[in-house]
Amino acid sequence: DTGVSQDPRHKITKRGQNVTFRCDPISEHNRLYWYRQTLGQGPEFLTYFQNEAQLEKSRLLSDRFSAERPKGSFSTLEIQRTEQGDSAMYLCASSPSGQDYGYTFGSGTRLTVV
Amino acid sequence: AQRVTQPEKLLSVFKGAPVELKCNYSYSGSPELFWYVQYSRQRLQLLLRHISRESIKGFTADLNKGETSFHLKKPFAQEEDSAMYYCAPANNAGNMLTFGGGTRLMVKP
């Protein structure tokens with residue numbers, strides 16, 4: 001297990017197109033998180049899974065965003081009808097259960113909407 | 001609402017000087033607290049967590065519940081400490097981190 005993997009590393013898309021990102025967490029981790037980071041800002045929480053259940057969603061997550069984690073393993077984040085404001089780094093992280101553990105982050109997917 | 005403030009966007013020091021990166025939070029309860037670091041062209045990674053009371057790469061973090069602060073300190077900065085540093089308290093359920101805006105530390109030779 002080489003840590004948290006995200007694919008693709010970079011994505012350039014035209015405004016109005018749909019995009020999907022994938023995250024493969026550390027296999028023993030049952031929690032999975034999606035964050036978004038724009039230039040000069042810290043990561044902002046988008047959504048969180050405990051196993052396959054999506055337990056929390058940020059109000060930042062509009063109806064155009066959807067995330068899934070089938071079978072509690074990998075996760076996908078889809079953005080429909082992309083807008084220029086969606087351009088950001090999308091970070092995935094995983095952790096074991098319990099509040100004493102920090103996250104392990106992936107390298108992120110950089111989305112550019114043109 | 002949960003808020004995390006890192007008042008300095010940029011902190012520049014000379015090698016060997018002491019460093020303090022400030023973090024203030026406004027949370028109810030007693031959140032668990034973390035510092036994350038991102039070196040150039042690397043992924044965000046955990047630096048230290050309050051509960052373990054550990055010192056990592058010479059860094060320590062002091063929790064002051066009265067001031068609701070969790071400042072990161074190092075007595076003698078090294079050039080390799082140059083990076084972005086993020087303070088991140090967890091919510092009371094312990095299942096979500098909120099990140100501050102980050103402080104860029106530059107250690108000059």
# chains A, B, ... in the order shown; residues from 1 in each chain; ligands from 1
$ interface_residues --of "chain B" --to "chain A" --cutoff "9 Å" --atoms "only C-alpha atoms" --output "list in words"
Lys9, Glu32, Phe34, Gln42, Arg43, Leu44, Gln45, Leu46, Leu48, Arg49, Ile51, Ser52, Tyr86, Ala90, Asn91, Asn92, Ala93, Gly94, Asn95, Met96, Leu97, Thr98, Phe99, Gly100, Gly101 and Gly102 of chain B
$ residues_around --residues "stretch 61-75 of chain B" --least-positions-apart "5" --cutoff "8 Å" --atoms "only C-alpha atoms" --output "MDAnalysis selection string"
chainID B and resid 16:26 33 35 50 87
$ select_by_dssp --residues "chain B" --states "strand (DSSP E or B)" --output "number ranges by chain"
B: 3-5, 10-14, 19-21, 24-26, 33-38, 45-49, 56, 59-64, 69-74, 83-90, 97, 103-108
$ residues_around --residues "A:Ser62" --least-positions-apart "5" --cutoff "12 Å" --atoms "only C-alpha atoms" --output "PyMOL selection string"
chain A and resi 46-47+57+67+78-83+86
$ decode --residues "stretch 25-39 of chain B" --atoms "N, CA, C and O atoms" --output "PDB file, in the first residue's frame"
ATOM      1  N   TYR B  25      -8.037  29.398  17.605  1.00  0.00           N
ATOM      2  CA  TYR B  25      -9.242  28.710  17.174  1.00  0.00           C
ATOM      3  C   TYR B  25     -10.410  29.134  18.048  1.00  0.00           C
ATOM      4  O   TYR B  25     -10.252  29.544  19.196  1.00  0.00           O
ATOM      5  N   SER B  26     -11.585  29.041  17.496  1.00  0.00           N
ATOM      6  CA  SER B  26     -12.786  29.308  18.278  1.00  0.00           C
ATOM      7  C   SER B  26     -13.695  28.107  18.090  1.00  0.00           C
ATOM      8  O   SER B  26     -14.310  27.934  17.052  1.00  0.00           O
ATOM      9  N   TYR B  27     -13.683  27.260  19.086  1.00  0.00           N
ATOM     10  CA  TYR B  27     -14.411  26.006  19.078  1.00  0.00           C
ATOM     11  C   TYR B  27     -15.091  25.828  20.424  1.00  0.00           C
ATOM     12  O   TYR B  27     -14.552  26.256  21.441  1.00  0.00           O
ATOM     13  N   SER B  28     -16.184  25.145  20.413  1.00  0.00           N
ATOM     14  CA  SER B  28     -16.763  24.720  21.684  1.00  0.00           C
ATOM     15  C   SER B  28     -16.131  23.394  22.084  1.00  0.00           C
ATOM     16  O   SER B  28     -15.634  22.652  21.225  1.00  0.00           O
ATOM     17  N   GLY B  29     -16.107  23.092  23.349  1.00  0.00           N
ATOM     18  CA  GLY B  29     -15.552  21.818  23.802  1.00  0.00           C
ATOM     19  C   GLY B  29     -14.037  21.828  23.778  1.00  0.00           C
ATOM     20  O   GLY B  29     -13.392  22.874  23.809  1.00  0.00           O
ATOM     21  N   SER B  30     -13.447  20.662  23.707  1.00  0.00           N
ATOM     22  CA  SER B  30     -11.988  20.503  23.720  1.00  0.00           C
ATOM     23  C   SER B  30     -11.557  19.737  22.486  1.00  0.00           C
ATOM     24  O   SER B  30     -11.396  18.515  22.507  1.00  0.00           O
ATOM     25  N   PRO B  31     -11.357  20.448  21.390  1.00  0.00           N
ATOM     26  CA  PRO B  31     -11.012  19.738  20.158  1.00  0.00           C
ATOM     27  C   PRO B  31      -9.613  19.165  20.203  1.00  0.00           C
ATOM     28  O   PRO B  31      -8.729  19.700  20.891  1.00  0.00           O
ATOM     29  N   GLU B  32      -9.401  18.093  19.488  1.00  0.00           N
ATOM     30  CA  GLU B  32      -8.050  17.614  19.252  1.00  0.00           C
ATOM     31  C   GLU B  32      -7.417  18.531  18.205  1.00  0.00           C
ATOM     32  O   GLU B  32      -8.101  19.052  17.325  1.00  0.00           O
ATOM     33  N   LEU B  33      -6.119  18.770  18.333  1.00  0.00           N
ATOM     34  CA  LEU B  33      -5.465  19.771  17.488  1.00  0.00           C
ATOM     35  C   LEU B  33      -4.284  19.176  16.765  1.00  0.00           C
ATOM     36  O   LEU B  33      -3.524  18.375  17.333  1.00  0.00           O
ATOM     37  N   PHE B  34      -4.109  19.613  15.522  1.00  0.00           N
ATOM     38  CA  PHE B  34      -3.068  19.089  14.657  1.00  0.00           C
ATOM     39  C   PHE B  34      -2.365  20.237  13.942  1.00  0.00           C
ATOM     40  O   PHE B  34      -2.951  21.300  13.710  1.00  0.00           O
ATOM     41  N   TRP B  35      -1.102  19.994  13.585  1.00  0.00           N
ATOM     42  CA  TRP B  35      -0.390  20.842  12.636  1.00  0.00           C
ATOM     43  C   TRP B  35      -0.001  19.975  11.437  1.00  0.00           C
ATOM     44  O   TRP B  35       0.515  18.863  11.608  1.00  0.00           O
ATOM     45  N   TYR B  36      -0.253  20.535  10.240  1.00  0.00           N
ATOM     46  CA  TYR B  36       0.135  19.883   8.997  1.00  0.00           C
ATOM     47  C   TYR B  36       1.161  20.758   8.289  1.00  0.00           C
ATOM     48  O   TYR B  36       1.189  21.982   8.443  1.00  0.00           O
ATOM     49  N   VAL B  37       2.003  20.103   7.475  1.00  0.00           N
ATOM     50  CA  VAL B  37       3.040  20.813   6.748  1.00  0.00           C
ATOM     51  C   VAL B  37       3.023  20.371   5.293  1.00  0.00           C
ATOM     52  O   VAL B  37       2.712  19.207   4.996  1.00  0.00           O
ATOM     53  N   GLN B  38       3.310  21.304   4.412  1.00  0.00           N
ATOM     54  CA  GLN B  38       3.431  20.976   2.992  1.00  0.00           C
ATOM     55  C   GLN B  38       4.726  21.568   2.465  1.00  0.00           C
ATOM     56  O   GLN B  38       4.855  22.796   2.325  1.00  0.00           O
ATOM     57  N   TYR B  39       5.692  20.692   2.201  1.00  0.00           N
ATOM     58  CA  TYR B  39       6.941  21.112   1.591  1.00  0.00           C
ATOM     59  C   TYR B  39       6.729  21.283   0.090  1.00  0.00           C
ATOM     60  O   TYR B  39       5.774  20.747  -0.476  1.00  0.00           O
TER      61      TYR B  39
END
